[in-house]
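A short worksheet on the structure shown next.
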Amino acid sequence: MRYLPHSAHERADMLSVIGAADIDALFSAVPKSALKSFDLGLPAHQPEFLVEAHMRALAGKNHAAGDGPFFVGAGAYRHHVPATVDHLIQRSEWLTAYTPYQPEISQGTLQMLFEFQTQVAKITGMDVANASLYDGSTGTAEAVLMARRLTRKNKIVLSGGLHPHYRDVVKSYLKDDPDLVCLSPSPEGQGDILQQIDGNTAAIVIQTPDFYGHLRDLKSAAEAAHAQGALLIVVVTEVVSLGLLEAPGALGADIVVAEGQSIGNALNFGGPYLGLMATRKEFIRQMPGRLCGETVDADGNRGFVLTLSTREQHIRREKATSNICTNSGLCALAFSIHMGLLGEAGFVRLARLNHFNAIKLADALEGVPGVEVLNKTFFNEMTMRTPQPAASLVERLARRGILAGVPVSRLLPADRSVDNLIILAATELTTDADIAALAAALTEELA
Amino acid sequence: MSMNTQGRPTGVGTVGTGASGSALIPDEPLLFEIGDTEHSGVDLPDVTLSNDRLGGFGRKTKLDLAGLTEPEAMRHYVRLSRMNHSIDSGMYPLGSCTMKHNPRLNEKMARLPGFSDIHPLQPVSTVQGALEMMNQLSHWLLTLTNTAAVALSPKAGAHGELLGMMAIKSAQEARGQAHRNVVLVPDSAHGTNPATAAFLGYLVKSVPAREDGTVDVEAVKSALSPDVAAIMLTNPNTCGLFEPQVIEIAKAVHDAGAFFYCDGANFNAIMGVVRPGDLGIDAMHINLHKTFSTPHGGGGPGAGPVVLSEALAPFAPVPFVRKGANGLEMVEHMEGDALGRVTAFHGQMGMYVRALTYMLSHGGDGLAQAAEDAVLNANYIKARLQHIFSVPFPDYPTMHEALFDDSFLKETGVSTLDFAKALIDEGFHPMTMYFPLVVHGAMLIEPTESESKQTLDRFCDVMAELATDAIAGNKQRFTAAPTKAPRRRLDETRAARQPVLKWEKPADLPQAAE
């Protein structure tokens with residue numbers, strides 16, 4: 001067995017040093033009835049090439065995004081990841097390092113996290129960012145709890161433009177909570193969240209670009225929230241948009257949560273992804289997750305450590321700000337390298353190219369008879385209404401090799417009013433030929 | 001061969017993690033000190049937007065993001081990486097963390113476009129292979145644990161704990177037992193256990209450990225009451241011991257109408273050898289990034305699937321995979337008792353691929369052998385070091401980790417932390433210190449099955465030599481350590497008192513008062 005270093009001879013030697021007759025003697029605390037009292041019936045160990053063949057066969061049954069025209073978004077986006085990123089994150093010293101609790105021998109990870117926090121603070125326009133959370137959806141739930149701790153108020157209002165999965169995660173975290181208000185889905189981009197703010201409101205949660213692609217007015221929302229002592233939580237599921245859209249921090253956001261997958265990370269069928277969270281300086285002690293800070297070592301050299309850990313579970317136990325232990329270190333590294341490669345110039349160009357291609361997509365869709373694009377505003381994603389139920393239309397297009405977007409009914413099956421809506425995204429990888437193929441296929445299917 | 005401060009060889013041929021002063025150990029400026037807003041390492045067409053659709057929400061403030069060209073970026077991140085210890089470069093005897101070898105076949109398989117380049121919301125008909133892969137992983141997890149259901153989606157161990165306890169809460173409510181508001185947690189538990197229980201609004205009641213480091217079924221019985229919803233018990237526990245009365249504890253918990261949440265962080269010790277379902281557990285998370293070799297990545301991503309008993313299976317969250325008329329289906333919505341959703345999409349697919357690859361490589365036989373080797377290695381360390389390091393709980397053989405206390409350091413002026421930092425100068429990552437909390441100056445050592453006898457011998461030689469030196473009064477070697485790492489000890493108090501959490505341009509900083 002290639003992963004196990006001991007020979008039978010060495011095992012016997014070690015047992016004799018221990019003074020145990022056999023290996024089972026070391027399991028003597030296990031009740032007899034439970035120790036090896038079964039036949040697992042699992043296959044035996046296999047050579048590498050057989051395992052690889054097995055996994056390749058499974059992977060081969062999937063239609064990869066790169067196999068044809070691809071317009072699927074709705075919270076996860078297909079972008080190009082430079083070869084450098086994937087090469088670097090597979091270096092042993094990044095890939096196989098533990099959480100940097102021993103800073104003297106973890107300065108690589110720690111300095112990277114400090115750089116990552118700086119990048120996230122800059123793109124969101126906030127004072128500070130943490131060292132990442134699991135993903136955008138759990139980050140949103142954490143932000144809601146954080147807002148309650150900060151305001152000591154309870155009411156939370158989720159915009160109808162929030163990704164339905166994000167809404168559902170918040171609902172699970174706040175199970176049966178009477179102070180959680182979830183507004184009805186708003187595919188047209190209409191907003192009624194401001195009327196919901198009252199003196200008991202801890203926070204309103206607004207996604208922009210929203211689930212349907214519309215850009216939301218954060219400035220008025222921040223003003224309305226702050227007038228009642230409530231916080232504005234801004235959710236961004238497409239982080240590339242921050243290259244072209246005004247930073248939420250500049251518009252009055254108090255907490256920004258984003259899904260960082262778009263930068264540096266592959267689609268991976270939904271995970272692992274990367275939760276970003278940034279906030280105001282005065283709120284850091286209520287922020288969940290790890291934080292990396294600058295300090296000096298005994299010789300006076302600059303160095304970095306995990307800090308303010310008195311918020312965390314391994315110190316505070318039941319009084320911690322959250323139960324989070326692991327974060328998304330390697331995904332944060334991929335994000336940071338990709339963002340470091342882009343820099344301001346590249347990030348802005350990337351965002352512009354996404355918007356440019358999305359405009360072409362919107363124009364092409366508008367040209368398909370019977371199709372209506374609902375968005376007046378968008379970044380790289382939009383919602384279209386078709387004359388037919390969306391789910392079967394998307395299925396038929398998939399049979400033609402075109403992955404045409406997400407039927408809204410997949411996420412909101414109980415809401416009949418969304419049955420004919422499809423959310424489509426374009427990125428820098430979308431070509432004119434892809435768009436033409438989609439428009440032609442749609443025209444035929446709808447004829 | 002490295003030398004100690006008196007010039008005596010340390011005797012074991014160790015290579016320091018960082019021979020400070022060597023040209024091979026770089027000092028690297030920050031990204032923002034090297035790059036600027038004009039440099040970029042990505043070529044992209046520069047398009048002009050004649051008629052944007054941003055509705056006036058376009059960016060007016062500057063991003064001020066530093067960029068690097070590709071060769072600069074390559075060097076920056078390679079140089080930074082060399083300031084890290086890693087499992088590929090040396091042993092991590094970190095108790096409770098299971099730092100085992102991360103096979104590269106896992107990485108290669110996770111990058112197959114059929115796994116890495118598929119979208120969570122593309123039609124289910126186009127991802128049948130992905131669903132089949134999830135089904136196979138589920139089969140292995142259910143078989144190894146002998147449980148009824150598994151929820152794959154939790155993002156990490158603590159997230160799995162949260163889900164498992166949510167399922168327990170829902171089940172108690174469904175039984176009309178919503179008033180049960182207490183969760184029992186032994187003193188030796190991981191910090192995440194009480195944090196999770198408190199997160200869900202439970203009162204945490206601690207159960208004291210016995211003198212021998214295990215939980216007493218009588219203590220559990222006397223703590224149980226009509227208000228107790230569940231017990232959260234780690235088995236093998238954080239002292240490295242298998243709970244000998246676990247079956248009796250499970251029975252007492254069930255008789256009292258409560259559930260048994262098992263923290264599966266230490267499953268590596270028993271996989272393929274003991275099935276937790278046979279012990280009476282109701283829910284247990286499995287850290288794929290510990291037990292099933294997915295990489296730690298400097299602190300994640302993890303993955304924390306939760307197995308559930310028959311009683312809790314109806315309370316599993318969405319999504320899950322099931323067989324349907326047209327192949328495999330992804331169930332994404334449920335009415336009734338189901339929890340709903342604990343994350344967007346379907347969980348840590350990339351980690352599932354790695355874990356299944358590892359399982360197939362090892363096979364059922366290899367997983368059992370790995371567990372036995374992990375236990376053998378820990379007992380070997382205990383046997384080799386127990387004449388110097390005191391063993392707080394000598395009554396049972398240890399499982400996958402050896403627990404010592406710091407009583408040998410009494411009167412030396414050397415703290416457990418100092419001792420651990422001295423290990424760095426000998427080329428090893430420190431062991432887990434001051435955990436579990438039930439032992440004073442705990443030193444918890446988990447070698448995993450990945451370490452060879454040769455490495456274990458070298459580690460034990462170093463540990464013994466360090467202990468001898470500490471007892472001999474060579475305090476300076478320990479209080480000054482580490483001296484050979486990329487950094488000396490860092491001022492954590494300063495970091496917490498005056499938090500500097502991001503880089504600021506020197507020009508933007510307020511001038512220091514003279």
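Simple scheme: letters A, B, ... for chains in structure tokens order, numbers from 1 for residues in each chain, numbers from 1 for ligands in the order shown.
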
Exercise: Gln46 in chain A partners within 8 Å, only C-alpha atoms, chain neighbours under 3 positions left out, as a count of residues only: 6

10 Å contact set for Pro187 in chain A, only C-alpha atoms, chain neighbours under 4 positions out, as a PyMOL selection string: chain A and resi 160-161+210-214+374-375+382-385+408+417-418+421+423

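Proximity to Ala364 in chain A at 7 Å, evaluated using only C-alpha atoms and with sequence-adjacent residues fewer than 4 positions away removed, yields A:Lys360, A:Val368, A:Ala439.
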
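Rounded to one decimal, CA of Ser81 in chain B and CA of Gly136 in chain A lie 27.0 Å from each other.
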
10 Å contact set for Gly257 in chain B, only C-alpha atoms, chain neighbours under 4 positions out, as a PyMOL selection string: chain B and resi 172+175+177+180+224-230+251-253

Mind writing the picked residues with C-alpha atoms as an mmCIF file, in the first residue's frame?
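Here's the written file out.cif:
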```
data_model
loop_
_atom_site.group_PDB
_atom_site.id
_atom_site.type_symbol
_atom_site.label_atom_id
_atom_site.label_comp_id
_atom_site.auth_asym_id
_atom_site.auth_seq_id
_atom_site.Cartn_x
_atom_site.Cartn_y
_atom_site.Cartn_z
ATOM 1 C CA GLN B 172 -36.609 16.997 19.329
ATOM 2 C CA ARG B 175 -41.150 14.724 19.063
ATOM 3 C CA GLN B 177 -39.613 17.974 23.027
ATOM 4 C CA ARG B 180 -35.074 20.368 25.889
ATOM 5 C CA LEU B 224 -29.122 13.569 32.068
ATOM 6 C CA SER B 225 -32.520 15.094 32.706
ATOM 7 C CA PRO B 226 -35.760 15.767 30.812
ATOM 8 C CA ASP B 227 -34.138 19.019 29.671
ATOM 9 C CA VAL B 228 -31.193 17.415 27.899
ATOM 10 C CA ALA B 229 -31.442 17.374 24.107
ATOM 11 C CA ALA B 230 -28.120 15.714 23.318
ATOM 12 C CA LYS B 251 -27.928 3.659 25.801
ATOM 13 C CA ALA B 252 -28.291 5.982 28.801
ATOM 14 C CA VAL B 253 -28.581 8.996 26.493
#
```

Could you give me, as a compact mmCIF listing (two decimals) with N, CA and C atoms, in the first residue's frame, the residues within 10 Å of range 172-186 of chain A, counting only C-alpha atoms and dropping anything in the same chain fewer than 6 positions from it?
```txt
# COMPACT_ATOMS: atom_id res chain seq x y z
N THR A 138 -22.88 31.10 3.49
CA THR A 138 -22.71 30.99 4.94
C THR A 138 -22.18 32.32 5.49
N ALA A 141 -25.14 34.47 6.29
CA ALA A 141 -25.75 34.10 7.57
C ALA A 141 -24.91 34.63 8.73
N GLU A 142 -23.60 34.53 8.61
CA GLU A 142 -22.72 35.05 9.67
C GLU A 142 -22.86 36.57 9.80
N VAL A 144 -25.47 38.38 9.18
CA VAL A 144 -26.75 38.67 9.82
C VAL A 144 -26.61 38.54 11.35
N LEU A 145 -25.93 37.47 11.78
CA LEU A 145 -25.74 37.27 13.23
C LEU A 145 -24.84 38.36 13.81
N LYS A 153 -30.26 44.53 18.19
CA LYS A 153 -31.65 44.50 17.71
C LYS A 153 -31.84 43.22 16.92
N ASN A 154 -33.07 42.91 16.57
CA ASN A 154 -33.33 41.57 16.05
C ASN A 154 -33.81 41.47 14.61
N LYS A 155 -34.55 42.47 14.16
CA LYS A 155 -35.21 42.27 12.86
C LYS A 155 -34.19 42.29 11.71
N ILE A 156 -34.32 41.30 10.86
CA ILE A 156 -33.45 41.18 9.70
C ILE A 156 -34.35 41.13 8.47
N VAL A 157 -34.08 41.95 7.49
CA VAL A 157 -34.89 41.94 6.27
C VAL A 157 -34.01 41.54 5.09
N LEU A 158 -34.42 40.47 4.40
CA LEU A 158 -33.68 40.00 3.23
C LEU A 158 -34.40 40.48 1.98
N SER A 159 -33.65 41.12 1.11
CA SER A 159 -34.22 41.63 -0.14
C SER A 159 -34.71 40.48 -1.02
N GLY A 160 -35.71 40.77 -1.83
CA GLY A 160 -36.22 39.77 -2.78
C GLY A 160 -35.25 39.49 -3.90
N GLY A 161 -34.19 40.27 -3.97
CA GLY A 161 -33.17 40.03 -4.99
C GLY A 161 -32.01 39.19 -4.48
N LEU A 162 -32.12 38.73 -3.22
CA LEU A 162 -31.04 37.89 -2.67
C LEU A 162 -31.14 36.49 -3.27
N HIS A 163 -30.00 35.91 -3.58
CA HIS A 163 -29.93 34.54 -4.12
C HIS A 163 -30.77 33.61 -3.23
N PRO A 164 -31.71 32.85 -3.80
CA PRO A 164 -32.58 32.01 -2.96
C PRO A 164 -31.82 31.02 -2.07
N TYR A 166 -28.94 31.60 -0.67
CA TYR A 166 -28.44 32.41 0.43
C TYR A 166 -29.56 32.65 1.44
N ASP A 192 -38.87 46.87 -2.29
CA ASP A 192 -39.74 47.45 -1.27
C ASP A 192 -39.10 47.30 0.11
N ILE A 193 -37.76 47.16 0.10
CA ILE A 193 -37.09 46.86 1.37
C ILE A 193 -37.06 48.07 2.29
N GLN A 196 -39.59 48.46 4.98
CA GLN A 196 -39.55 47.46 6.05
C GLN A 196 -38.69 47.89 7.24
N ASN A 200 -36.64 48.44 15.28
CA ASN A 200 -36.14 47.15 15.77
C ASN A 200 -35.25 46.45 14.74
N THR A 201 -34.96 47.15 13.64
CA THR A 201 -34.24 46.48 12.56
C THR A 201 -32.73 46.48 12.82
N ALA A 202 -32.16 45.29 12.82
CA ALA A 202 -30.70 45.17 12.97
C ALA A 202 -30.01 45.41 11.64
N ILE A 204 -30.59 45.27 7.01
CA ILE A 204 -31.21 44.87 5.75
C ILE A 204 -30.11 44.27 4.88
N VAL A 205 -30.49 43.27 4.11
CA VAL A 205 -29.51 42.54 3.30
C VAL A 205 -29.87 42.73 1.83
N ASP A 210 -28.12 41.87 -8.27
CA ASP A 210 -28.95 40.93 -7.53
C ASP A 210 -29.06 39.61 -8.28
N PHE A 211 -29.83 38.68 -7.69
CA PHE A 211 -29.93 37.32 -8.25
C PHE A 211 -30.35 37.36 -9.72
N TYR A 212 -31.18 38.35 -10.08
CA TYR A 212 -31.70 38.42 -11.45
C TYR A 212 -30.83 39.30 -12.35
N HIS A 214 -30.04 42.59 -11.79
CA HIS A 214 -30.26 44.04 -11.66
C HIS A 214 -29.26 44.66 -10.70
N LEU A 412 -36.75 28.26 -7.22
CA LEU A 412 -38.01 28.69 -6.60
C LEU A 412 -39.15 27.84 -7.16
N ASP A 415 -42.97 28.80 -6.81
CA ASP A 415 -43.45 30.08 -7.32
C ASP A 415 -43.73 29.99 -8.82
N SER A 417 -44.95 31.98 -10.85
CA SER A 417 -44.76 33.19 -11.64
C SER A 417 -43.36 33.26 -12.27
N VAL A 418 -42.45 32.42 -11.81
CA VAL A 418 -41.10 32.49 -12.38
C VAL A 418 -40.84 31.36 -13.38
N LEU B 162 -22.65 21.82 13.25
CA LEU B 162 -23.82 22.71 13.29
C LEU B 162 -25.01 22.01 12.66
N LEU B 163 -24.78 21.41 11.49
CA LEU B 163 -25.86 20.71 10.81
C LEU B 163 -26.38 19.56 11.66
N MET B 166 -28.40 20.87 14.41
CA MET B 166 -29.68 21.39 13.89
C MET B 166 -30.66 20.24 13.67
N SER B 170 -34.26 19.79 15.40
CA SER B 170 -35.50 19.56 14.64
C SER B 170 -36.19 18.28 15.10
N PHE B 199 -24.46 28.31 19.83
CA PHE B 199 -24.93 28.95 18.60
C PHE B 199 -26.41 28.64 18.38
N LEU B 200 -26.82 27.42 18.73
CA LEU B 200 -28.21 27.01 18.52
C LEU B 200 -29.08 27.30 19.73
N PRO B 317 -30.55 17.77 5.71
CA PRO B 317 -30.79 18.96 4.88
C PRO B 317 -30.84 18.59 3.40
N LEU B 339 -34.37 20.04 7.14
CA LEU B 339 -33.76 21.26 7.66
C LEU B 339 -33.78 22.41 6.71
N GLY B 340 -33.79 22.12 5.43
CA GLY B 340 -33.53 23.17 4.46
C GLY B 340 -32.10 23.04 4.00
N ARG B 341 -31.41 24.13 3.99
CA ARG B 341 -30.13 24.18 3.32
C ARG B 341 -29.10 24.82 4.23
N VAL B 342 -27.89 24.30 4.31
CA VAL B 342 -26.86 24.93 5.14
C VAL B 342 -25.78 25.60 4.31
N THR B 343 -25.85 25.46 3.00
CA THR B 343 -24.92 26.16 2.12
C THR B 343 -25.55 26.28 0.74
```

Surrounding residues of Asn102 in chain B excluding itself and chain neighbours under 3 positions, 7 Å, only C-alpha atoms, as an MDAnalysis selection string: chainID B and resid 293:295

Keeping C-alpha atoms, export the residues of the selection given above as a PDB file, in the first residue's frame.
```pdb
ATOM      1  CA  SER B 293      -6.390  13.137   3.067  1.00  0.00           C
ATOM      2  CA  THR B 294      -7.748  16.223   1.355  1.00  0.00           C
ATOM      3  CA  PRO B 295      -5.121  18.919   1.829  1.00  0.00           C
TER       4      PRO B 295
END
```

Among range 272-441 of chain A, which ones does DSSP assign to alpha helix (DSSP H) (computed from the backbone)? Answer as an mmCIF file with C-alpha atoms, in the first residue's frame.
```
data_model
loop_
_atom_site.group_PDB
_atom_site.id
_atom_site.type_symbol
_atom_site.label_atom_id
_atom_site.label_comp_id
_atom_site.auth_asym_id
_atom_site.auth_seq_id
_atom_site.Cartn_x
_atom_site.Cartn_y
_atom_site.Cartn_z
ATOM 1 C CA GLN A 313 -14.207 29.109 19.461
ATOM 2 C CA HIS A 314 -10.880 27.550 20.426
ATOM 3 C CA ILE A 315 -10.426 30.281 23.045
ATOM 4 C CA ARG A 316 -13.953 31.365 23.900
ATOM 5 C CA GLY A 329 -7.178 29.193 2.942
ATOM 6 C CA LEU A 330 -6.208 27.652 -0.371
ATOM 7 C CA CYS A 331 -9.093 29.313 -2.229
ATOM 8 C CA ALA A 332 -8.045 32.614 -0.651
ATOM 9 C CA LEU A 333 -4.518 31.993 -1.928
ATOM 10 C CA ALA A 334 -5.831 31.335 -5.447
ATOM 11 C CA PHE A 335 -7.890 34.532 -5.236
ATOM 12 C CA SER A 336 -4.940 36.553 -3.989
ATOM 13 C CA ILE A 337 -2.555 35.301 -6.667
ATOM 14 C CA HIS A 338 -5.076 35.898 -9.438
ATOM 15 C CA MET A 339 -5.870 39.357 -8.076
ATOM 16 C CA GLY A 340 -2.153 40.066 -7.757
ATOM 17 C CA LEU A 341 -1.690 39.099 -11.398
ATOM 18 C CA LEU A 342 -4.612 41.247 -12.505
ATOM 19 C CA GLY A 343 -3.793 44.317 -10.467
ATOM 20 C CA GLU A 344 -5.969 47.379 -10.871
ATOM 21 C CA ALA A 345 -5.369 47.577 -14.617
ATOM 22 C CA GLY A 346 -6.246 43.943 -15.251
ATOM 23 C CA PHE A 347 -9.184 43.794 -12.842
ATOM 24 C CA VAL A 348 -10.853 46.804 -14.455
ATOM 25 C CA ARG A 349 -10.228 45.434 -17.956
ATOM 26 C CA LEU A 350 -11.645 42.066 -16.927
ATOM 27 C CA ALA A 351 -14.791 43.671 -15.508
ATOM 28 C CA ARG A 352 -15.234 45.837 -18.585
ATOM 29 C CA LEU A 353 -14.872 42.817 -20.877
ATOM 30 C CA ASN A 354 -17.506 40.923 -18.893
ATOM 31 C CA HIS A 355 -19.937 43.814 -19.187
ATOM 32 C CA PHE A 356 -19.104 44.244 -22.876
ATOM 33 C CA ASN A 357 -19.931 40.601 -23.613
ATOM 34 C CA ALA A 358 -23.076 40.765 -21.496
ATOM 35 C CA ILE A 359 -24.344 43.716 -23.521
ATOM 36 C CA LYS A 360 -23.814 41.658 -26.678
ATOM 37 C CA LEU A 361 -25.698 38.782 -25.098
ATOM 38 C CA ALA A 362 -28.590 41.027 -24.051
ATOM 39 C CA ASP A 363 -28.813 42.519 -27.535
ATOM 40 C CA ALA A 364 -28.818 39.063 -29.121
ATOM 41 C CA LEU A 365 -31.524 37.789 -26.760
ATOM 42 C CA GLU A 366 -33.698 40.839 -27.434
ATOM 43 C CA ALA A 390 -37.868 27.556 -18.801
ATOM 44 C CA ALA A 391 -36.857 24.195 -17.337
ATOM 45 C CA SER A 392 -37.754 22.116 -20.381
ATOM 46 C CA LEU A 393 -36.387 24.757 -22.738
ATOM 47 C CA VAL A 394 -33.022 24.693 -20.957
ATOM 48 C CA GLU A 395 -33.075 20.885 -21.073
ATOM 49 C CA ARG A 396 -33.718 20.877 -24.823
ATOM 50 C CA LEU A 397 -30.927 23.384 -25.402
ATOM 51 C CA ALA A 398 -28.595 21.200 -23.320
ATOM 52 C CA ARG A 399 -29.346 18.318 -25.678
ATOM 53 C CA ASP A 432 -19.520 35.936 -30.344
ATOM 54 C CA ALA A 433 -19.931 32.455 -31.801
ATOM 55 C CA ASP A 434 -21.352 31.183 -28.482
ATOM 56 C CA ILE A 435 -23.889 33.999 -28.426
ATOM 57 C CA ALA A 436 -24.842 33.442 -32.063
ATOM 58 C CA ALA A 437 -25.287 29.702 -31.428
ATOM 59 C CA LEU A 438 -27.526 30.394 -28.442
ATOM 60 C CA ALA A 439 -29.662 32.924 -30.293
ATOM 61 C CA ALA A 440 -30.070 30.586 -33.277
ATOM 62 C CA ALA A 441 -30.972 27.582 -31.121
#
```

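The environment of Arg311 in chain A within 8 Å, counting only C-alpha atoms and disregarding residues fewer than 4 places along the same chain, consists of A:Arg285, A:Gln286, A:Met287, A:Pro288, A:Ile315, A:Arg316, A:Ala320, A:Thr321.
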
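Minimum atom-to-atom distances from A:Gln195, A:Val305, A:Arg152, A:Lys376 to Ala131 in chain A were compared using only C-alpha atoms, and the lowest value belongs to A:Val305.
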
DSSP strand (DSSP E) residues within range 131-336 of chain B, as a ChimeraX atom specification: /B:149-151,182-186,203-207,228-234,259-263,283-285,306-308,320-324,327-331

Using N, CA and C atoms, can you export the residues from the last selection as a short mmCIF file (atom, residue, chain, number, x, y, z; two decimals), in the first residue's frame?
```cif
data_model
loop_
_atom_site.label_atom_id
_atom_site.label_comp_id
_atom_site.auth_asym_id
_atom_site.auth_seq_id
_atom_site.Cartn_x
_atom_site.Cartn_y
_atom_site.Cartn_z
N ALA B 149 -27.94 7.45 6.91
CA ALA B 149 -28.01 8.53 5.93
C ALA B 149 -26.78 9.41 6.07
N VAL B 150 -26.48 10.14 5.00
CA VAL B 150 -25.36 11.07 5.09
C VAL B 150 -25.73 12.37 4.39
N ALA B 151 -25.37 13.48 5.03
CA ALA B 151 -25.52 14.80 4.42
C ALA B 151 -24.13 15.26 4.03
N VAL B 182 -30.72 21.77 26.96
CA VAL B 182 -29.37 21.55 27.51
C VAL B 182 -28.61 20.56 26.63
N VAL B 183 -27.34 20.84 26.40
CA VAL B 183 -26.47 19.89 25.71
C VAL B 183 -25.29 19.57 26.63
N LEU B 184 -25.04 18.29 26.81
CA LEU B 184 -23.92 17.86 27.65
C LEU B 184 -22.64 17.81 26.81
N VAL B 185 -21.58 18.40 27.35
CA VAL B 185 -20.30 18.40 26.64
C VAL B 185 -19.20 18.08 27.66
N PRO B 186 -18.45 17.02 27.45
CA PRO B 186 -17.34 16.74 28.38
C PRO B 186 -16.28 17.85 28.34
N LEU B 203 -28.03 25.56 26.36
CA LEU B 203 -27.17 25.76 27.51
C LEU B 203 -26.17 24.61 27.52
N VAL B 204 -24.91 24.94 27.71
CA VAL B 204 -23.88 23.91 27.71
C VAL B 204 -23.61 23.48 29.14
N LYS B 205 -23.75 22.17 29.39
CA LYS B 205 -23.48 21.66 30.73
C LYS B 205 -22.30 20.70 30.60
N SER B 206 -21.27 20.94 31.36
CA SER B 206 -20.08 20.12 31.17
C SER B 206 -20.16 18.86 32.02
N VAL B 207 -19.55 17.81 31.47
CA VAL B 207 -19.48 16.52 32.17
C VAL B 207 -18.02 16.31 32.52
N VAL B 228 -32.38 17.62 28.74
CA VAL B 228 -31.19 17.41 27.90
C VAL B 228 -31.61 16.97 26.50
N ALA B 229 -31.13 17.70 25.50
CA ALA B 229 -31.44 17.37 24.11
C ALA B 229 -30.44 16.39 23.54
N ALA B 230 -29.17 16.54 23.93
CA ALA B 230 -28.12 15.71 23.32
C ALA B 230 -26.86 15.75 24.15
N ILE B 231 -26.00 14.78 23.87
CA ILE B 231 -24.62 14.83 24.37
C ILE B 231 -23.73 14.97 23.14
N MET B 232 -22.68 15.76 23.28
CA MET B 232 -21.68 15.85 22.21
C MET B 232 -20.40 15.22 22.75
N LEU B 233 -20.04 14.09 22.18
CA LEU B 233 -18.92 13.32 22.71
C LEU B 233 -17.95 13.02 21.57
N THR B 234 -16.68 13.25 21.82
CA THR B 234 -15.68 12.91 20.82
C THR B 234 -15.17 11.50 21.13
N PHE B 259 -30.20 12.64 22.20
CA PHE B 259 -29.44 12.10 21.07
C PHE B 259 -27.94 12.15 21.36
N PHE B 260 -27.22 11.32 20.62
CA PHE B 260 -25.77 11.19 20.80
C PHE B 260 -25.09 11.78 19.57
N TYR B 261 -24.55 13.00 19.72
CA TYR B 261 -23.74 13.58 18.65
C TYR B 261 -22.29 13.18 18.90
N CYS B 262 -21.69 12.53 17.92
CA CYS B 262 -20.29 12.13 18.06
C CYS B 262 -19.44 13.05 17.20
N ASP B 263 -18.47 13.70 17.82
CA ASP B 263 -17.50 14.49 17.08
C ASP B 263 -16.53 13.50 16.42
N ALA B 283 -25.43 11.03 15.18
CA ALA B 283 -24.90 11.93 14.16
C ALA B 283 -23.40 12.06 14.39
N MET B 284 -22.67 12.13 13.29
CA MET B 284 -21.22 12.33 13.41
C MET B 284 -20.71 13.00 12.14
N HIS B 285 -19.92 14.05 12.31
CA HIS B 285 -19.30 14.65 11.12
C HIS B 285 -17.96 13.97 10.88
N VAL B 306 -21.89 14.71 7.30
CA VAL B 306 -22.44 14.22 8.57
C VAL B 306 -23.23 12.95 8.31
N VAL B 307 -22.88 11.88 9.00
CA VAL B 307 -23.70 10.67 8.92
C VAL B 307 -24.77 10.73 10.01
N LEU B 308 -25.93 10.15 9.71
CA LEU B 308 -27.08 10.25 10.60
C LEU B 308 -27.70 8.87 10.82
N PHE B 320 -29.62 16.37 -1.64
CA PHE B 320 -29.04 15.03 -1.64
C PHE B 320 -29.37 14.34 -2.96
N VAL B 321 -28.64 13.29 -3.23
CA VAL B 321 -28.79 12.58 -4.50
C VAL B 321 -29.66 11.35 -4.26
N ARG B 322 -30.58 11.09 -5.18
CA ARG B 322 -31.34 9.82 -5.11
C ARG B 322 -31.60 9.31 -6.51
N LYS B 323 -31.93 8.02 -6.59
CA LYS B 323 -32.23 7.42 -7.89
C LYS B 323 -33.64 7.81 -8.30
N GLY B 324 -33.78 8.19 -9.56
CA GLY B 324 -35.10 8.54 -10.07
C GLY B 324 -35.37 7.77 -11.35
N GLY B 327 -32.53 8.28 -14.19
CA GLY B 327 -31.16 8.34 -13.68
C GLY B 327 -31.14 8.98 -12.31
N LEU B 328 -29.99 9.54 -11.95
CA LEU B 328 -29.86 10.12 -10.62
C LEU B 328 -30.46 11.52 -10.59
N GLU B 329 -31.06 11.85 -9.44
CA GLU B 329 -31.68 13.16 -9.26
C GLU B 329 -31.00 13.88 -8.09
N MET B 330 -31.03 15.20 -8.19
CA MET B 330 -30.54 16.00 -7.07
C MET B 330 -31.79 16.58 -6.40
N VAL B 331 -32.04 16.18 -5.16
CA VAL B 331 -33.20 16.72 -4.45
C VAL B 331 -32.78 18.03 -3.79
#
```

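Of the residues listed (B:Ala73, B:Met443, B:Leu376, B:Ala223), B:Met443 shows the shortest atom-to-atom separation from Phe419 in chain B; distances use only C-alpha atoms.
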
Best match for closeness to chain A among B:Thr448, B:Thr412, B:Ser222, B:Ser309, counting only C-alpha atoms: B:Thr448

Interatomic distance (Å, one decimal) between CA of Asp36 in chain B and CA of Ala121 in chain A: 16.6 Å

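Between CA of Asp282 in chain B and CA of Trp140 in chain B the separation is 17.8 Å.
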
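Compared by their closest atoms to Leu244 in chain A, and using only C-alpha atoms, the residues B:Leu141, B:Leu49, B:Val318, B:Val391 rank with B:Leu49 nearest.
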